[in-house]
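Chemist: Compact mmCIF, C-alpha atoms, file data.txt:
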# COMPACT_ATOMS: atom_id res chain seq x y z
CA MET A 1 -10.96 18.10 15.93
CA ASP A 2 -9.46 16.30 18.89
CA GLY A 3 -5.75 16.88 19.56
CA SER A 4 -4.94 13.14 19.55
CA PHE A 5 -6.61 12.76 16.16
CA ILE A 6 -4.68 15.72 14.74
CA ASP A 7 -1.40 14.35 16.13
CA ILE A 8 -1.95 11.02 14.35
CA ILE A 9 -2.94 12.49 10.98
CA ARG A 10 -0.20 15.13 11.13
CA ALA A 11 2.41 12.36 11.48
CA ALA A 12 0.81 9.96 8.96
CA ARG A 13 2.92 8.63 6.10
CA ALA A 14 -0.16 9.16 3.95
CA ALA A 15 -1.15 12.45 2.38
CA VAL A 16 -4.20 13.32 4.50
CA ILE A 17 -7.22 15.48 3.77
CA VAL A 18 -10.15 15.84 6.19
CA MET A 19 -13.49 17.02 4.79
CA ASP A 20 -16.73 18.13 6.36
CA GLY A 21 -20.10 16.66 5.38
CA CYS A 22 -20.46 19.11 2.51
CA GLY A 23 -17.14 18.03 0.96
CA TYR A 24 -15.00 21.02 1.97
CA CYS A 25 -11.46 20.52 3.22
CA VAL A 26 -11.09 21.40 6.90
CA TYR A 27 -7.55 20.00 7.32
CA ALA A 28 -4.66 18.83 5.13
CA ASN A 29 -1.41 17.49 6.53
CA ARG A 30 1.95 18.78 5.35
CA ARG A 31 2.56 15.69 3.17
CA GLN A 32 -0.63 16.44 1.19
CA GLU A 33 0.37 20.09 0.78
CA GLU A 34 3.91 19.18 -0.31
CA LEU A 35 2.77 16.65 -2.92
CA ARG A 36 0.39 19.23 -4.38
CA GLY A 37 2.98 22.02 -4.15
CA CYS A 38 0.73 24.08 -1.87
CA GLY A 39 1.58 26.36 0.99
CA ARG A 40 0.28 25.77 4.49
CA GLY A 41 -3.47 26.11 4.60
CA ASP A 42 -3.93 26.52 0.83
CA LEU A 43 -6.24 23.49 0.62
CA ILE A 44 -8.56 24.61 3.41
CA ASN A 45 -12.08 25.32 2.13
CA LYS A 46 -11.38 23.67 -1.24
CA HIS A 47 -14.30 21.50 -2.34
CA ILE A 48 -13.79 17.82 -3.10
CA THR A 49 -14.60 18.52 -6.77
CA GLU A 50 -11.57 20.83 -6.86
CA LEU A 51 -9.31 18.14 -5.38
CA ALA A 52 -9.79 15.44 -8.03
CA ASP A 53 -9.44 15.75 -11.81
CA ALA A 54 -12.69 14.05 -12.74
CA ASP A 55 -16.22 14.94 -13.70
CA PRO A 56 -17.60 16.87 -10.69
CA LEU A 57 -20.83 14.85 -10.85
CA LEU A 58 -18.84 11.62 -10.57
CA VAL A 59 -16.81 13.01 -7.68
CA GLU A 60 -19.99 14.13 -5.88
CA ARG A 61 -21.61 10.72 -6.44
CA GLU A 62 -18.59 8.87 -5.08
CA PHE A 63 -18.44 11.22 -2.08
CA GLU A 64 -22.10 10.48 -1.33
CA ARG A 65 -21.38 6.74 -1.62
CA PHE A 66 -18.44 7.18 0.76
CA LYS A 67 -20.61 9.04 3.28
CA ARG A 68 -23.31 6.36 3.04
CA ASP A 69 -20.94 3.38 3.31
CA GLY A 70 -18.51 4.93 5.82
CA MET A 71 -15.41 3.82 3.88
CA TRP A 72 -14.22 4.08 0.29
CA ILE A 73 -11.16 2.60 -1.39
CA GLY A 74 -10.15 3.92 -4.76
CA GLN A 75 -7.76 5.83 -6.92
CA TYR A 76 -7.99 9.22 -8.45
CA ARG A 77 -6.04 11.69 -10.50
CA THR A 78 -5.35 15.30 -9.60
CA HIS A 79 -2.62 17.83 -10.28
CA ASN A 80 -0.19 19.99 -8.37
CA VAL A 81 -0.06 23.79 -8.50
CA ILE A 82 2.07 23.78 -11.67
CA GLY A 83 -0.25 21.38 -13.48
CA GLN A 84 1.71 18.13 -13.18
CA VAL A 85 -0.56 15.09 -12.93
CA LEU A 86 -0.59 13.28 -9.59
CA ARG A 87 -2.16 9.87 -9.10
CA PHE A 88 -3.24 8.62 -5.70
CA ARG A 89 -4.58 5.43 -4.20
CA ALA A 90 -6.84 6.39 -1.31
CA CYS A 91 -8.25 4.80 1.80
CA ASN A 92 -11.15 7.00 2.86
CA PHE A 93 -12.90 6.51 6.18
CA THR A 94 -15.32 8.28 8.46
CA HIS A 95 -14.04 9.76 11.70
CA CYS A 96 -16.70 10.26 14.36
CA GLU A 97 -16.03 13.25 16.59
CA TRP A 98 -16.82 13.10 20.32
CA ASP A 99 -19.98 15.17 19.72
CA GLY A 100 -21.29 12.78 17.04
CA ASN A 101 -20.30 14.90 14.05
CA ALA A 102 -18.74 13.01 11.17
CA LEU A 103 -15.58 14.03 9.35
CA TYR A 104 -14.51 12.33 6.14
CA VAL A 105 -10.83 11.45 6.01
CA SER A 106 -8.72 10.51 3.00
CA PHE A 107 -5.38 8.76 3.46
CA ALA A 108 -3.85 9.03 -0.02
CA TYR A 109 -0.72 7.28 -1.26
CA PRO A 110 1.03 8.44 -4.44
CA LEU A 111 0.99 5.94 -7.29
CA LYS A 112 4.12 5.42 -9.32
CA GLU A 113 4.27 7.02 -12.76
CA ARG A 114 3.87 3.67 -14.53
CA SER A 115 0.95 2.47 -12.43
CA THR A 116 -2.08 1.44 -14.42
CA PHE A 117 -4.83 3.96 -14.10
CA ASP A 118 -8.38 4.10 -15.33
CA LYS A 119 -8.75 6.90 -17.90
CA GLU A 120 -12.25 7.55 -16.58
CA GLY A 121 -10.80 9.18 -13.46
CA THR A 122 -12.03 8.24 -10.02
CA LYS A 123 -12.29 4.49 -9.62
CA GLN A 124 -13.43 2.41 -6.66
CA LEU A 125 -11.00 -0.41 -5.93
CA VAL A 126 -12.37 -3.22 -3.80
CA ARG A 127 -11.49 -6.85 -4.38
CA SER A 128 -14.52 -9.10 -4.42
CA SER A 129 -13.39 -10.99 -1.31
CA MET A 130 -12.41 -7.89 0.65
CA SER A 131 -14.73 -5.07 1.65
CA ALA A 132 -13.63 -1.44 1.72
CA GLU A 133 -13.71 -1.77 5.50
CA ASN A 134 -11.27 -4.71 5.35
CA VAL A 135 -8.92 -2.84 3.02
CA CYS A 136 -8.95 0.31 5.20
CA VAL A 137 -8.16 -1.76 8.28
CA ALA A 138 -5.44 -3.56 6.30
CA GLN A 139 -3.93 -0.18 5.39
CA PHE A 140 -4.02 0.94 9.03
CA CYS A 141 -2.30 -2.29 10.10
CA VAL A 142 0.35 -2.07 7.37
CA ASP A 143 0.99 1.57 8.31
CA GLY A 144 1.69 0.33 11.86
CA TYR A 145 -1.25 1.86 13.71
CA SER A 146 -2.07 0.27 17.04
CA GLU A 147 -5.66 -0.56 17.92
CA ASP A 148 -5.63 2.46 20.27
CA GLU A 149 -4.62 4.72 17.36
CA MET A 150 -7.28 3.14 15.12
CA CYS A 151 -9.86 3.93 17.83
CA ILE A 152 -8.81 7.58 17.62
CA LEU A 153 -8.75 7.60 13.80
CA LEU A 154 -12.23 6.14 13.52
CA GLY A 155 -13.61 7.72 16.67
CA THR A 156 -14.92 4.41 17.94
CA THR A 157 -14.48 1.90 20.77
CA HIS A 158 -11.74 -0.64 21.36
CA GLU A 159 -14.29 -3.42 20.97
CA ALA A 160 -15.37 -2.12 17.56
CA VAL A 161 -11.77 -1.82 16.37
CA GLY A 162 -10.95 -5.27 17.72
CA ARG A 163 -13.83 -6.72 15.68
CA LEU A 164 -12.64 -4.84 12.56
CA VAL A 165 -9.09 -6.18 12.91
CA ASP A 166 -10.33 -9.73 13.62
CA ARG A 167 -12.64 -9.57 10.57
CA PHE A 168 -9.75 -8.38 8.35
CA ILE A 169 -7.49 -11.20 9.57
CA GLU A 170 -10.24 -13.78 9.03
CA ASN A 171 -11.29 -12.48 5.60
CA ILE A 172 -7.76 -12.53 4.26
CA GLY A 173 -7.28 -16.06 5.62
CA ALA A 174 -4.46 -15.35 8.05
CA ALA A 175 -3.70 -16.56 11.56
CA SER A 176 -2.20 -13.31 12.85
CA ARG A 177 -2.14 -9.58 12.21
CA THR A 178 1.43 -9.83 10.85
CA GLU A 179 0.52 -12.61 8.44
CA ALA A 180 -2.57 -10.65 7.36
CA CYS A 181 -0.41 -7.57 6.62
CA VAL A 182 2.03 -9.63 4.57
CA ARG A 183 -0.83 -11.16 2.57
CA ALA A 184 -2.40 -7.72 2.00
CA LEU A 185 0.92 -6.35 0.74
CA LYS A 186 1.56 -9.33 -1.55
CA ALA A 187 -1.95 -9.04 -2.97
CA SER A 188 -1.41 -5.28 -3.59
CA LEU A 189 -4.51 -4.49 -1.54
CA VAL A 190 -2.65 -1.70 0.26
CA ALA A 191 -0.01 0.90 -0.55
Kindly transcribe the structure held in the file into structure tokens.
Modeler:
Amino acid sequence: MDGSFIDIIRAARAAVIVMDGCGYCVYANRRQEELRGCGRGDLINKHITELADADPLLVEREFERFKRDGMWIGQYRTHNVIGQVLRFRACNFTHCEWDGNALYVSFAYPLKERSTFDKEGTKQLVRSSMSAENVCVAQFCVDGYSEDEMCILLGTTHEAVGRLVDRFIENIGAASRTEACVRALKASLVA
């Protein structure tokens, strides 16, 4: 992984996990480890089915959908090392490495104890008018990432990121990035 990419995800306000194409954790930031009560490096090599409290077949299916679509917005339940239930809202996106390899990144945000949660476990959350791509870009914007940082996160060009941001602003019906962020927050599209 590129040093700039690691710097951004290390400092993220989100709890971050990076997975390889087979669904194994190759990186977890300190926030993720702290929320789960893990020591440094304890999540490395854990499979995605071990990281969510849901039917492994469902988790595998959603991971395959994520890999196919490139982005996935949803919520899931897991637990920390002492068994306490943790609930997360996640913005998952594909990071393209310089050599063309794909890594699958989850920016997870803890849900409050009283948040509504689907008892079925993993649940995709995309509003009908907003694509997963729009919601991920909204989350990046609300988290304060610049377009340069989004280029690093996604492993793509400035032109591609510019189009993503413009599409988000247009789809949410705003005139500026700031107005779009405010609308996304008010609509509870982002954490």
Chemist: Produce a table with one row for each residue of segment 67-101 of chain A that has an atom at most 12 Å from any atom of segment 20-25 of chain A, each row naming the nearest atom pair and its distance in Å at one decimal; use all atoms listed in the file; arrange rows by chain and rising residue number; format as JSON lines.
Modeler:
{"residue": "A:Lys67", "atom": "CA", "partner": "A:Gly21", "partner_atom": "CA", "distance": 7.9}
{"residue": "A:Arg68", "atom": "CA", "partner": "A:Gly21", "partner_atom": "CA", "distance": 11.0}
{"residue": "A:Gly70", "atom": "CA", "partner": "A:Gly21", "partner_atom": "CA", "distance": 11.8}
{"residue": "A:Thr94", "atom": "CA", "partner": "A:Gly21", "partner_atom": "CA", "distance": 10.1}
{"residue": "A:His95", "atom": "CA", "partner": "A:Asp20", "partner_atom": "CA", "distance": 10.3}
{"residue": "A:Cys96", "atom": "CA", "partner": "A:Asp20", "partner_atom": "CA", "distance": 11.2}
{"residue": "A:Glu97", "atom": "CA", "partner": "A:Asp20", "partner_atom": "CA", "distance": 11.4}
{"residue": "A:Asn101", "atom": "CA", "partner": "A:Gly21", "partner_atom": "CA", "distance": 8.8}
Chemist: Compare A:Asp99, A:Phe140, A:Ala191, A:Trp72 by their minimum atom-to-atom distance to Gly155 of chain A, counting all atoms listed in the file, and give me the closest one.
Modeler: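 Under the stated criterion, the closest residue is A:Asp99.
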Chemist: List the spatial neighbours of segment 6-9 of chain A as JSON, numbers by chain - criterion: any atom at most 10 Å away, all atoms listed in the file, same-chain residues fewer than 6 positions off excluded.
Modeler: {"A": [15, 16, 17, 18, 27, 28, 29, 30, 105, 107, 145, 149, 150, 152, 153]}
Chemist: Considering all atoms listed in the file, state which residue in the set A:Asp143, A:Asp55, A:Glu170, A:Glu133 is at the smallest distance from Tyr76 of chain A.
Modeler: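 Of the candidates, the smallest distance to Tyr76 of chain A is held by A:Asp55.
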Chemist: Hey, what's within 12 Å of segment 172-180 of chain A if we count only C-alpha atoms and toss same-chain stuff fewer than 4 positions away? As a PyMOL selection string, please?
Modeler: chain A and resi 127-131+134-135+137-147+162+164-168+184-187+189-190
Chemist: Enter the distance from atom CA of Phe66 of chain A to atom CA of Gly83 of chain A, in Å, rounded to one decimal.
Modeler: 27.1 Å
Chemist: Between A:Arg65, A:His79, A:Arg183, A:His158, which residue has the minimum interatomic distance to Tyr104 of chain A, considering only C-alpha atoms?
Modeler: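 Closest residue, counting only C-alpha atoms: A:Arg65.
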